[in-house]
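Shown next, in structure tokens, is the structure this report addresses.
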Number of protein chains: 2
Amino acid sequence: MTLGSVTSREVWPVAYPRGEVRPADFRLVDVPVPEPGTGEVLVRNTWTSVDAALRLRLRETAPPGYFPAFPLGRPLDGVMTVGEVVASHADGFAAGDTVWHAAGWRDYAVVAAGQPALGGVGTLRRLDVRAAPAQAYLGALGANGLTAYAGLLHVAGLRDGDVVWVSAAAGAVGSLVAQIAKLRGHRVIGSAGSAAKVRYLLDEVGVDAAFDYRAGPLPDLLAEAAPDGVDVYFDNVGGDHLRAAIGALRPHGRVAICGMISEYAAERSAPGPDNLMLAVTKSLTIRGFRASAMAHLIPEMTREVGAWIRAGRLRYRETVVDGLERAPAALAGLLRGDNTGKTLVRITR
Amino acid sequence: MTLGSVTSREVWPVAYPRGEVRPADFRLVDVPVPEPGTGEVLVRNTWTSVDAALRLRLRETAPPGYFPAFPLGRPLDGVMTVGEVVASHADGFAAGDTVWHAAGWRDYAVVAAGQPALGGVGTLRRLDVRAAPAQAYLGALGANGLTAYAGLLHVAGLRDGDVVWVSAAAGAVGSLVAQIAKLRGHRVIGSAGSAAKVRYLLDEVGVDAAFDYRAGPLPDLLAEAAPDGVDVYFDNVGGDHLRAAIGALRPHGRVAICGMISEYAAERSAPGPDNLMLAVTKSLTIRGFRASAMAHLIPEMTREVGAWIRAGRLRYRETVVDGLERAPAALAGLLRGDNTGKTLVRITR
């Protein structure tokens, strides 16, 4: 098979954004479709992921401990993607296979089999598309599902009777956290950034209480939704949200921080919560985590979350953007809070 | 027995300090020696404790979750003290017993047997003064020992190979934390607020590296003492110390916060660390705790720490102030950092 006459489009960062991500920070580049070598496959990508945390790598220097910054003038290596194998020179893969890999934001990728990508979260692997559509492995059955599942159950150590607050609860991770906590029988409070999202939380996600954090002082909104306080806070936001949680947590409360979207675009770090003394007086535990440090839980998560999805007990929404060229705008929109559920780019040409 | 002709001196707070604690915030009051009722003992106090955390209760409102504020114009109920029973109307106690209780900063106290005090940490109890001098039960074998032992081993979850940083390491708690970590075979870095304290840390406490935090930018001093980073930070200080720790912690590092002396006198809370995003990228755990929530570990701590003390493997220093009337000045001095080891008031008259 030859694809010599076909070109592959790739989205390259060409400047690190200052503040908001702008489409001009990227360029859509035509390159020849690469040829797979021994042990490699050529994949035609069909769906590619858009994640808030990409913003952390679109900087001169990524935070210590995190994945390195994306180099400028090259495709993004480390963005989760699914596609179909076009040609395989690797054992165990054949043309037509649907696969997961991390060479996203491009039409075609050559991927080496058996090489770890993304700090351990993933290696090129074949997907079971009878169990779920391919793009679910970028969301509820992928890193988002792992983040929600591991963060709530293992990092926050959910215990019987805990009252749970989830911020960014209409997002890709938060909406799963809220549903898993409900499936486990907890009272769940969700917050989000618009009245429409609040309706989604109440009507579809099924939380017990929800509020729009823009509707008033956050501590008051939280106190109204959880008058007796909370035991677990699942943090996607940081900043004033984390501060409000520390104020509202009951003794022995726990925070799992999976991200701080309020911080990602900041040129300088914002001050942290000024009420950390309450962590002492209330014996609180605050834990940050990355899904990539939780890869050992992937089989358990896939089994449990997969069963809930198949039984119709856990649902997820997707915000789908059509066209690779719109990936940068999709990221900018996600960081502005335009999305509900998982943001995906469907690659069509 | 009658003590009708004797008076008891008591130190009462009469104003909540603004900023630094001043002797004028207290008054030394003469009151009749109280008479014990049924189930009570009369104790002549001999040593009374001076703790930085008392400052948290010398405010209109104590932090949520903490012990309540001390009322003005009354003796301080909830300050650890030892003394000798003068008269007993309680089963199990007799005149001449050396006891621990929480009615401190006064000459004489009537204490009910079997009543919990200090949120569960203590009830009136007889002390084994053959095992250690009475005042040790206010320090290394008391709340300080419990805080150090529980904080390091249980809250921070000390693991083989961990490099440990202890702040305020010349203080009552920090000097125990540093020694327990050394006894467990760890590399230990201690910091304190003067060159004399640094010498004490190196020569007597036996840490591997020590620095005076006033000698330069804290992150630089820490990096010099721990070039490869640390795994556990035992926080007695908060503020810039906590920030530096978050910067220096290695992946899966842990912080046990037992106090934030930098915060106690503040009229307004200081901003928290601006680098909490690193808790996410490095999978850090930050836990606050109070010794009073760890009372179940008292027997284990007493056994282990007591054995180390008797074997001469764990030593402690005392900063002794003679005279009840000097207790307020002793507290002010402690909050300024004048002390080394445990600050005690010896009650003489």
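Labels used: A, B, ... for chains in the order of the structure tokens, numbers from 1 for residues in each chain, and numbers from 1 for ligands as shown.
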
Practice task
Check every residue of chain B for an atom within 9 Å of chain A, counting only C-alpha atoms, and provide those that qualify as a ChimeraX atom specification.
Solution key: /B:63-67,238,247,250-252,257-260,263,268-290,293

Practice task
Could you please write out, as an NGL selection string, every residue of segment 85-303 of chain B that DSSP assigns to strand (DSSP E)?
Solution key: :B and (85-88 or 98-103 or 108-112 or 125-126 or 163-166 or 187-192 or 209-212 or 230-235 or 249-257 or 285-288)

Handout entry: Contacts of Gly114 of chain A within 12 Å, only C-alpha atoms, excl. fewer than 2 positions in-chain, as a ChimeraX atom specification
Key = /A:39-41,90-93,101,111-112,116-117,120,122-126

Post-fit chain B coords, all in-order Cα pairs vs chain A, as an mmCIF file with C-alpha atoms, in the first residue's frame:
```cif
data_model
loop_
_atom_site.group_PDB
_atom_site.id
_atom_site.type_symbol
_atom_site.label_atom_id
_atom_site.label_comp_id
_atom_site.auth_asym_id
_atom_site.auth_seq_id
_atom_site.Cartn_x
_atom_site.Cartn_y
_atom_site.Cartn_z
ATOM 1 C CA MET B 1 0.055 -0.093 -0.014
ATOM 2 C CA THR B 2 1.284 3.372 -0.777
ATOM 3 C CA LEU B 3 -0.017 6.677 0.429
ATOM 4 C CA GLY B 4 2.647 8.625 -1.397
ATOM 5 C CA SER B 5 0.191 10.921 -3.094
ATOM 6 C CA VAL B 6 -1.662 11.780 0.143
ATOM 7 C CA THR B 7 -0.590 14.422 2.589
ATOM 8 C CA SER B 8 -1.172 14.445 6.342
ATOM 9 C CA ARG B 9 -2.218 17.573 8.160
ATOM 10 C CA GLU B 10 -0.662 18.247 11.549
ATOM 11 C CA VAL B 11 -1.408 20.963 14.095
ATOM 12 C CA TRP B 12 1.839 22.404 15.389
ATOM 13 C CA PRO B 13 2.226 24.940 18.151
ATOM 14 C CA VAL B 14 4.266 27.849 16.817
ATOM 15 C CA ALA B 15 4.073 30.183 19.822
ATOM 16 C CA TYR B 16 3.377 29.651 23.504
ATOM 17 C CA PRO B 17 0.082 31.359 24.315
ATOM 18 C CA ARG B 18 0.099 34.424 26.562
ATOM 19 C CA GLY B 19 -3.049 34.099 28.623
ATOM 20 C CA GLU B 20 -5.819 32.724 26.447
ATOM 21 C CA VAL B 21 -5.030 30.182 23.781
ATOM 22 C CA ARG B 22 -5.435 31.733 20.312
ATOM 23 C CA PRO B 23 -5.643 29.878 16.998
ATOM 24 C CA ALA B 24 -2.680 31.995 15.843
ATOM 25 C CA ASP B 25 -0.518 30.133 18.361
ATOM 26 C CA PHE B 26 -0.834 27.105 16.062
ATOM 27 C CA ARG B 27 -0.281 26.343 12.402
ATOM 28 C CA LEU B 28 -1.891 23.640 10.270
ATOM 29 C CA VAL B 29 0.954 22.030 8.337
ATOM 30 C CA ASP B 30 0.840 19.605 5.379
ATOM 31 C CA VAL B 31 3.448 16.884 5.577
ATOM 32 C CA PRO B 32 3.959 13.687 3.599
ATOM 33 C CA VAL B 33 2.276 10.684 5.188
ATOM 34 C CA PRO B 34 5.068 8.958 7.071
ATOM 35 C CA GLU B 35 6.079 5.383 6.348
ATOM 36 C CA PRO B 36 6.058 2.869 9.222
ATOM 37 C CA GLY B 37 9.306 1.065 9.977
ATOM 38 C CA THR B 38 9.811 -2.285 11.591
ATOM 39 C CA GLY B 39 7.738 -2.615 14.777
ATOM 40 C CA GLU B 40 5.606 0.367 13.812
ATOM 41 C CA VAL B 41 2.102 0.933 12.528
ATOM 42 C CA LEU B 42 0.637 3.713 10.438
ATOM 43 C CA VAL B 43 -2.625 5.014 11.920
ATOM 44 C CA ARG B 44 -5.251 7.208 10.319
ATOM 45 C CA ASN B 45 -6.553 9.147 13.283
ATOM 46 C CA THR B 46 -10.300 9.503 13.657
ATOM 47 C CA TRP B 47 -10.766 11.212 17.037
ATOM 48 C CA THR B 48 -8.280 13.270 18.986
ATOM 49 C CA SER B 49 -8.570 14.536 22.530
ATOM 50 C CA VAL B 50 -8.783 18.095 23.813
ATOM 51 C CA ASP B 51 -7.752 18.383 27.455
ATOM 52 C CA ALA B 52 -7.399 21.409 29.677
ATOM 53 C CA ALA B 53 -4.086 20.113 30.985
ATOM 54 C CA LEU B 54 -2.522 20.491 27.521
ATOM 55 C CA ARG B 55 -2.293 24.149 28.475
ATOM 56 C CA LEU B 56 0.333 23.229 31.085
ATOM 57 C CA ARG B 57 2.622 22.014 28.310
ATOM 58 C CA LEU B 58 2.050 24.991 26.023
ATOM 59 C CA ARG B 59 4.555 27.044 27.988
ATOM 60 C CA GLU B 60 8.308 27.583 27.869
ATOM 61 C CA THR B 61 8.566 25.373 30.939
ATOM 62 C CA ALA B 62 6.002 22.910 32.229
ATOM 63 C CA PRO B 63 5.585 22.610 36.014
ATOM 64 C CA PRO B 64 8.203 20.394 37.694
ATOM 65 C CA GLY B 65 7.085 16.803 37.847
ATOM 66 C CA TYR B 66 4.736 17.200 34.897
ATOM 67 C CA PHE B 67 5.246 16.104 31.305
ATOM 68 C CA PRO B 68 7.723 18.349 29.492
ATOM 69 C CA ALA B 69 6.655 21.392 27.498
ATOM 70 C CA PHE B 70 5.631 20.784 23.900
ATOM 71 C CA PRO B 71 8.393 21.953 21.572
ATOM 72 C CA LEU B 72 7.327 24.578 19.053
ATOM 73 C CA GLY B 73 7.271 23.735 15.358
ATOM 74 C CA ARG B 74 6.545 20.049 15.827
ATOM 75 C CA PRO B 75 3.394 17.952 16.196
ATOM 76 C CA LEU B 76 2.099 17.337 19.713
ATOM 77 C CA ASP B 77 3.469 14.076 21.038
ATOM 78 C CA GLY B 78 1.451 13.085 24.064
ATOM 79 C CA VAL B 79 -2.147 13.859 23.075
ATOM 80 C CA MET B 80 -4.544 10.949 23.336
ATOM 81 C CA THR B 81 -6.025 9.832 20.065
ATOM 82 C CA VAL B 82 -7.846 6.922 18.442
ATOM 83 C CA GLY B 83 -7.697 5.795 14.841
ATOM 84 C CA GLU B 84 -7.544 2.930 12.440
ATOM 85 C CA VAL B 85 -4.450 1.044 11.454
ATOM 86 C CA VAL B 86 -3.712 1.593 7.780
ATOM 87 C CA ALA B 87 -0.524 -0.432 7.602
ATOM 88 C CA SER B 88 1.244 -2.524 10.194
ATOM 89 C CA HIS B 89 4.836 -3.671 10.506
ATOM 90 C CA ALA B 90 4.274 -4.601 14.139
ATOM 91 C CA ASP B 91 3.334 -7.974 15.568
ATOM 92 C CA GLY B 92 -0.179 -8.097 16.938
ATOM 93 C CA PHE B 93 -1.584 -5.247 14.846
ATOM 94 C CA ALA B 94 -3.256 -5.434 11.462
ATOM 95 C CA ALA B 95 -4.805 -3.001 9.022
ATOM 96 C CA GLY B 96 -8.332 -2.231 10.107
ATOM 97 C CA ASP B 97 -7.638 -2.413 13.851
ATOM 98 C CA THR B 98 -9.025 0.412 15.915
ATOM 99 C CA VAL B 99 -6.259 1.612 18.241
ATOM 100 C CA TRP B 100 -5.453 4.082 21.003
ATOM 101 C CA HIS B 101 -2.190 6.015 21.022
ATOM 102 C CA ALA B 102 -0.749 9.378 22.003
ATOM 103 C CA ALA B 103 0.336 10.967 18.695
ATOM 104 C CA GLY B 104 -2.645 13.246 18.294
ATOM 105 C CA TRP B 105 -3.679 16.458 16.569
ATOM 106 C CA ARG B 106 -2.714 15.100 13.146
ATOM 107 C CA ASP B 107 -4.284 13.038 10.343
ATOM 108 C CA TYR B 108 -1.748 10.247 10.223
ATOM 109 C CA ALA B 109 0.682 8.992 12.822
ATOM 110 C CA VAL B 110 3.420 6.391 12.832
ATOM 111 C CA VAL B 111 3.445 4.727 16.229
ATOM 112 C CA ALA B 112 5.889 2.172 17.606
ATOM 113 C CA ALA B 113 4.210 -0.795 19.267
ATOM 114 C CA GLY B 114 5.181 -1.582 22.839
ATOM 115 C CA GLN B 115 6.635 1.855 23.599
ATOM 116 C CA PRO B 116 5.248 3.602 26.633
ATOM 117 C CA ALA B 117 3.757 7.001 26.019
ATOM 118 C CA LEU B 118 2.338 9.629 28.337
ATOM 119 C CA GLY B 119 4.423 8.671 31.325
ATOM 120 C CA GLY B 120 2.983 5.208 31.623
ATOM 121 C CA VAL B 121 -0.705 5.765 31.044
ATOM 122 C CA GLY B 122 -0.646 4.285 27.618
ATOM 123 C CA THR B 123 0.996 2.341 24.893
ATOM 124 C CA LEU B 124 -0.378 1.684 21.424
ATOM 125 C CA ARG B 125 -3.244 -0.704 22.016
ATOM 126 C CA ARG B 126 -6.161 -2.236 20.171
ATOM 127 C CA LEU B 127 -9.594 -1.185 21.368
ATOM 128 C CA ASP B 128 -12.683 -3.269 21.928
ATOM 129 C CA VAL B 129 -15.175 -1.271 19.882
ATOM 130 C CA ARG B 130 -17.981 -3.720 20.573
ATOM 131 C CA ALA B 131 -17.855 -2.653 24.232
ATOM 132 C CA ALA B 132 -17.911 1.081 23.511
ATOM 133 C CA PRO B 133 -17.384 3.464 20.624
ATOM 134 C CA ALA B 134 -13.738 4.238 19.921
ATOM 135 C CA GLN B 135 -13.874 7.793 21.201
ATOM 136 C CA ALA B 136 -15.087 6.607 24.628
ATOM 137 C CA TYR B 137 -11.510 5.450 25.187
ATOM 138 C CA LEU B 138 -10.496 9.099 25.116
ATOM 139 C CA GLY B 139 -13.037 9.928 27.806
ATOM 140 C CA ALA B 140 -15.066 7.819 30.182
ATOM 141 C CA LEU B 141 -13.065 4.667 29.475
ATOM 142 C CA GLY B 142 -9.786 6.551 29.100
ATOM 143 C CA ALA B 143 -7.799 9.054 31.110
ATOM 144 C CA ASN B 144 -10.939 10.891 32.271
ATOM 145 C CA GLY B 145 -12.474 7.710 33.629
ATOM 146 C CA LEU B 146 -9.233 6.790 35.318
ATOM 147 C CA THR B 147 -8.869 10.249 36.834
ATOM 148 C CA ALA B 148 -12.420 10.209 38.176
ATOM 149 C CA TYR B 149 -12.332 6.655 39.442
ATOM 150 C CA ALA B 150 -8.879 6.712 40.992
ATOM 151 C CA GLY B 151 -9.259 10.221 42.340
ATOM 152 C CA LEU B 152 -12.556 9.673 44.073
ATOM 153 C CA LEU B 153 -12.093 6.148 45.370
ATOM 154 C CA HIS B 154 -8.347 5.937 45.974
ATOM 155 C CA VAL B 155 -6.946 9.455 46.343
ATOM 156 C CA ALA B 156 -9.861 10.939 48.272
ATOM 157 C CA GLY B 157 -10.574 7.566 49.856
ATOM 158 C CA LEU B 158 -14.365 7.809 49.599
ATOM 159 C CA ARG B 159 -15.994 6.382 52.728
ATOM 160 C CA ASP B 160 -19.566 5.455 53.557
ATOM 161 C CA GLY B 161 -21.672 8.488 54.299
ATOM 162 C CA ASP B 162 -19.293 11.049 52.804
ATOM 163 C CA VAL B 163 -20.894 14.143 51.301
ATOM 164 C CA VAL B 164 -19.054 14.958 48.078
ATOM 165 C CA TRP B 165 -18.544 18.263 46.290
ATOM 166 C CA VAL B 166 -17.306 18.150 42.694
ATOM 167 C CA SER B 167 -16.257 21.318 40.890
ATOM 168 C CA ALA B 168 -16.332 21.604 37.093
ATOM 169 C CA ALA B 169 -18.926 18.881 37.511
ATOM 170 C CA ALA B 170 -20.263 19.255 33.971
ATOM 171 C CA GLY B 171 -16.818 18.589 32.545
ATOM 172 C CA ALA B 172 -15.255 15.411 31.245
ATOM 173 C CA VAL B 173 -13.880 14.311 34.612
ATOM 174 C CA GLY B 174 -16.299 16.006 36.987
ATOM 175 C CA SER B 175 -19.418 14.493 35.405
ATOM 176 C CA LEU B 176 -17.938 11.027 35.922
ATOM 177 C CA VAL B 177 -16.897 11.754 39.508
ATOM 178 C CA ALA B 178 -20.392 12.952 40.346
ATOM 179 C CA GLN B 179 -22.015 9.869 38.833
ATOM 180 C CA ILE B 180 -19.605 7.407 40.445
ATOM 181 C CA ALA B 181 -20.268 9.011 43.823
ATOM 182 C CA LYS B 182 -24.020 8.762 43.213
ATOM 183 C CA LEU B 183 -23.679 5.121 42.139
ATOM 184 C CA ARG B 184 -21.914 4.495 45.436
ATOM 185 C CA GLY B 185 -24.836 6.017 47.323
ATOM 186 C CA HIS B 186 -23.458 9.404 48.344
ATOM 187 C CA ARG B 187 -24.965 12.841 48.570
ATOM 188 C CA VAL B 188 -23.288 14.834 45.774
ATOM 189 C CA ILE B 189 -23.067 18.560 45.155
ATOM 190 C CA GLY B 190 -21.916 19.713 41.737
ATOM 191 C CA SER B 191 -20.836 23.158 40.633
ATOM 192 C CA ALA B 192 -20.296 24.536 37.159
ATOM 193 C CA GLY B 193 -20.080 27.832 35.317
ATOM 194 C CA SER B 194 -23.511 28.400 33.770
ATOM 195 C CA ALA B 195 -27.203 27.912 34.419
ATOM 196 C CA ALA B 196 -27.386 25.466 31.501
ATOM 197 C CA LYS B 197 -24.671 23.318 33.064
ATOM 198 C CA VAL B 198 -26.474 23.398 36.392
ATOM 199 C CA ARG B 199 -29.599 22.063 34.685
ATOM 200 C CA TYR B 200 -27.508 19.346 33.045
ATOM 201 C CA LEU B 201 -26.112 18.404 36.463
ATOM 202 C CA LEU B 202 -29.535 18.186 38.068
ATOM 203 C CA ASP B 203 -31.399 16.580 35.158
ATOM 204 C CA GLU B 204 -28.856 14.247 33.609
ATOM 205 C CA VAL B 205 -25.906 13.744 35.914
ATOM 206 C CA GLY B 206 -28.307 13.379 38.809
ATOM 207 C CA VAL B 207 -26.571 15.299 41.570
ATOM 208 C CA ASP B 208 -28.482 16.173 44.728
ATOM 209 C CA ALA B 209 -27.679 19.877 44.557
ATOM 210 C CA ALA B 210 -25.923 22.074 42.044
ATOM 211 C CA PHE B 211 -24.949 25.708 41.686
ATOM 212 C CA ASP B 212 -23.456 28.124 39.188
ATOM 213 C CA TYR B 213 -20.290 29.401 40.878
ATOM 214 C CA ARG B 214 -20.701 32.704 39.077
ATOM 215 C CA ALA B 215 -24.041 33.329 40.792
ATOM 216 C CA GLY B 216 -22.708 34.680 44.084
ATOM 217 C CA PRO B 217 -19.984 34.360 46.705
ATOM 218 C CA LEU B 218 -18.721 30.811 46.443
ATOM 219 C CA PRO B 219 -18.725 30.036 50.204
ATOM 220 C CA ASP B 220 -22.369 31.129 50.418
ATOM 221 C CA LEU B 221 -23.406 29.048 47.412
ATOM 222 C CA LEU B 222 -21.621 26.043 48.829
ATOM 223 C CA ALA B 223 -23.122 26.523 52.289
ATOM 224 C CA GLU B 224 -26.580 26.635 50.761
ATOM 225 C CA ALA B 225 -25.993 23.421 48.793
ATOM 226 C CA ALA B 226 -24.259 21.665 51.686
ATOM 227 C CA PRO B 227 -25.462 23.255 54.921
ATOM 228 C CA ASP B 228 -23.727 20.639 57.076
ATOM 229 C CA GLY B 229 -20.449 20.800 55.174
ATOM 230 C CA VAL B 230 -18.739 18.261 52.970
ATOM 231 C CA ASP B 231 -16.348 15.369 53.553
ATOM 232 C CA VAL B 232 -14.750 15.078 50.124
ATOM 233 C CA TYR B 233 -13.940 17.760 47.597
ATOM 234 C CA PHE B 234 -12.885 16.739 44.102
ATOM 235 C CA ASP B 235 -10.975 19.703 42.754
ATOM 236 C CA ASN B 236 -10.718 20.504 39.085
ATOM 237 C CA VAL B 237 -10.379 24.225 39.569
ATOM 238 C CA GLY B 238 -8.093 25.344 42.397
ATOM 239 C CA GLY B 239 -8.107 28.985 43.504
ATOM 240 C CA ASP B 240 -11.256 30.215 45.213
ATOM 241 C CA HIS B 241 -12.867 26.789 44.861
ATOM 242 C CA LEU B 242 -10.153 25.092 46.890
ATOM 243 C CA ARG B 243 -10.376 27.828 49.506
ATOM 244 C CA ALA B 244 -14.143 27.401 49.802
ATOM 245 C CA ALA B 245 -13.728 23.651 50.144
ATOM 246 C CA ILE B 246 -11.207 23.985 52.961
ATOM 247 C CA GLY B 247 -13.710 26.215 54.723
ATOM 248 C CA ALA B 248 -16.592 23.774 54.231
ATOM 249 C CA LEU B 249 -14.850 20.487 54.918
ATOM 250 C CA ARG B 250 -15.753 18.649 58.073
ATOM 251 C CA PRO B 251 -13.135 17.137 60.386
ATOM 252 C CA HIS B 252 -11.076 14.460 58.622
ATOM 253 C CA GLY B 253 -12.259 15.757 55.254
ATOM 254 C CA ARG B 254 -10.259 15.052 52.114
ATOM 255 C CA VAL B 255 -9.455 16.894 48.922
ATOM 256 C CA ALA B 256 -8.348 15.177 45.708
ATOM 257 C CA ILE B 257 -6.833 17.734 43.349
ATOM 258 C CA CYS B 258 -6.732 16.516 39.783
ATOM 259 C CA GLY B 259 -6.267 19.883 38.185
ATOM 260 C CA MET B 260 -6.397 23.622 38.693
ATOM 261 C CA ILE B 261 -7.923 25.013 35.556
ATOM 262 C CA SER B 262 -7.983 28.441 37.176
ATOM 263 C CA GLU B 263 -4.184 28.369 37.151
ATOM 264 C CA TYR B 264 -3.291 27.000 33.759
ATOM 265 C CA ALA B 265 -3.148 30.189 31.780
ATOM 266 C CA ALA B 266 -1.716 32.374 34.523
ATOM 267 C CA GLU B 267 1.564 34.084 33.785
ATOM 268 C CA ARG B 268 2.295 34.075 37.483
ATOM 269 C CA SER B 269 0.998 31.665 40.069
ATOM 270 C CA ALA B 270 -1.920 32.907 42.102
ATOM 271 C CA PRO B 271 -1.652 32.887 45.903
ATOM 272 C CA GLY B 272 -2.844 29.688 47.505
ATOM 273 C CA PRO B 273 -5.749 29.370 49.931
ATOM 274 C CA ASP B 274 -5.332 31.654 52.943
ATOM 275 C CA ASN B 275 -7.158 29.251 55.260
ATOM 276 C CA LEU B 276 -4.773 26.289 55.305
ATOM 277 C CA MET B 277 -4.650 26.582 59.095
ATOM 278 C CA LEU B 278 -8.029 24.858 58.975
ATOM 279 C CA ALA B 279 -6.269 21.789 57.575
ATOM 280 C CA VAL B 280 -4.637 21.549 61.002
ATOM 281 C CA THR B 281 -7.637 22.284 63.172
ATOM 282 C CA LYS B 282 -9.904 19.986 61.143
ATOM 283 C CA SER B 283 -7.327 17.267 60.354
ATOM 284 C CA LEU B 284 -7.780 17.629 56.604
ATOM 285 C CA THR B 285 -5.915 15.757 53.888
ATOM 286 C CA ILE B 286 -5.169 17.481 50.567
ATOM 287 C CA ARG B 287 -3.755 15.283 47.847
ATOM 288 C CA GLY B 288 -2.767 16.069 44.307
ATOM 289 C CA PHE B 289 -2.512 13.339 41.750
ATOM 290 C CA ARG B 290 -2.094 12.565 38.087
ATOM 291 C CA ALA B 291 -3.909 9.764 36.340
ATOM 292 C CA SER B 292 -0.561 8.682 34.928
ATOM 293 C CA ALA B 293 0.504 7.712 38.449
ATOM 294 C CA MET B 294 -2.605 5.506 38.711
ATOM 295 C CA ALA B 295 -2.117 3.343 35.619
ATOM 296 C CA HIS B 296 -2.250 0.190 37.732
ATOM 297 C CA LEU B 297 -5.958 0.893 38.254
ATOM 298 C CA ILE B 298 -6.812 0.878 34.533
ATOM 299 C CA PRO B 299 -8.099 -2.739 34.483
ATOM 300 C CA GLU B 300 -10.264 -2.206 37.584
ATOM 301 C CA MET B 301 -11.582 1.098 36.254
ATOM 302 C CA THR B 302 -12.297 -0.329 32.796
ATOM 303 C CA ARG B 303 -14.214 -3.215 34.325
ATOM 304 C CA GLU B 304 -16.311 -1.155 36.735
ATOM 305 C CA VAL B 305 -16.913 1.936 34.628
ATOM 306 C CA GLY B 306 -17.458 -0.206 31.523
ATOM 307 C CA ALA B 307 -20.118 -2.231 33.335
ATOM 308 C CA TRP B 308 -21.894 0.930 34.497
ATOM 309 C CA ILE B 309 -21.873 2.332 30.963
ATOM 310 C CA ARG B 310 -23.207 -0.882 29.420
ATOM 311 C CA ALA B 311 -25.934 -1.054 32.067
ATOM 312 C CA GLY B 312 -26.941 2.507 31.233
ATOM 313 C CA ARG B 313 -26.180 3.597 34.791
ATOM 314 C CA LEU B 314 -23.366 5.962 33.860
ATOM 315 C CA ARG B 315 -23.715 8.385 30.987
ATOM 316 C CA TYR B 316 -21.372 10.840 29.423
ATOM 317 C CA ARG B 317 -21.726 13.763 27.088
ATOM 318 C CA GLU B 318 -19.392 14.800 24.340
ATOM 319 C CA THR B 319 -18.714 18.220 22.913
ATOM 320 C CA VAL B 320 -17.652 17.301 19.392
ATOM 321 C CA VAL B 321 -15.785 19.696 17.147
ATOM 322 C CA ASP B 322 -15.536 18.601 13.517
ATOM 323 C CA GLY B 323 -12.265 19.143 11.713
ATOM 324 C CA LEU B 324 -8.663 18.887 12.802
ATOM 325 C CA GLU B 325 -8.102 22.534 11.924
ATOM 326 C CA ARG B 326 -10.469 23.495 14.730
ATOM 327 C CA ALA B 327 -8.559 21.736 17.506
ATOM 328 C CA PRO B 328 -6.893 24.956 18.782
ATOM 329 C CA ALA B 329 -10.243 26.730 18.949
ATOM 330 C CA ALA B 330 -11.690 23.715 20.749
ATOM 331 C CA LEU B 331 -8.925 23.943 23.365
ATOM 332 C CA ALA B 332 -9.530 27.667 23.786
ATOM 333 C CA GLY B 333 -13.243 26.994 24.204
ATOM 334 C CA LEU B 334 -12.627 24.291 26.766
ATOM 335 C CA LEU B 335 -10.395 26.588 28.805
ATOM 336 C CA ARG B 336 -13.138 29.234 28.676
ATOM 337 C CA GLY B 337 -15.663 26.671 29.907
ATOM 338 C CA ASP B 338 -17.680 26.339 26.708
ATOM 339 C CA ASN B 339 -17.832 22.553 26.838
ATOM 340 C CA THR B 340 -20.095 20.068 28.530
ATOM 341 C CA GLY B 341 -18.567 16.658 29.087
ATOM 342 C CA LYS B 342 -15.656 15.458 27.016
ATOM 343 C CA THR B 343 -14.274 17.708 24.290
ATOM 344 C CA LEU B 344 -13.280 15.784 21.169
ATOM 345 C CA VAL B 345 -12.139 16.633 17.701
ATOM 346 C CA ARG B 346 -13.535 14.377 15.006
ATOM 347 C CA ILE B 347 -11.015 14.188 12.213
ATOM 348 C CA THR B 348 -12.662 14.333 8.810
ATOM 349 C CA ARG B 349 -11.220 15.281 5.481
#
```

Practice task
Can you check which residues of segment 12-199 of chain B DSSP gives as helix (DSSP H, G or I) on the backbone and send them as an MDAnalysis selection string?
Solution key: chainID B and resid 23:25 52:57 118:120 134:138 143:155 174:183 195:199
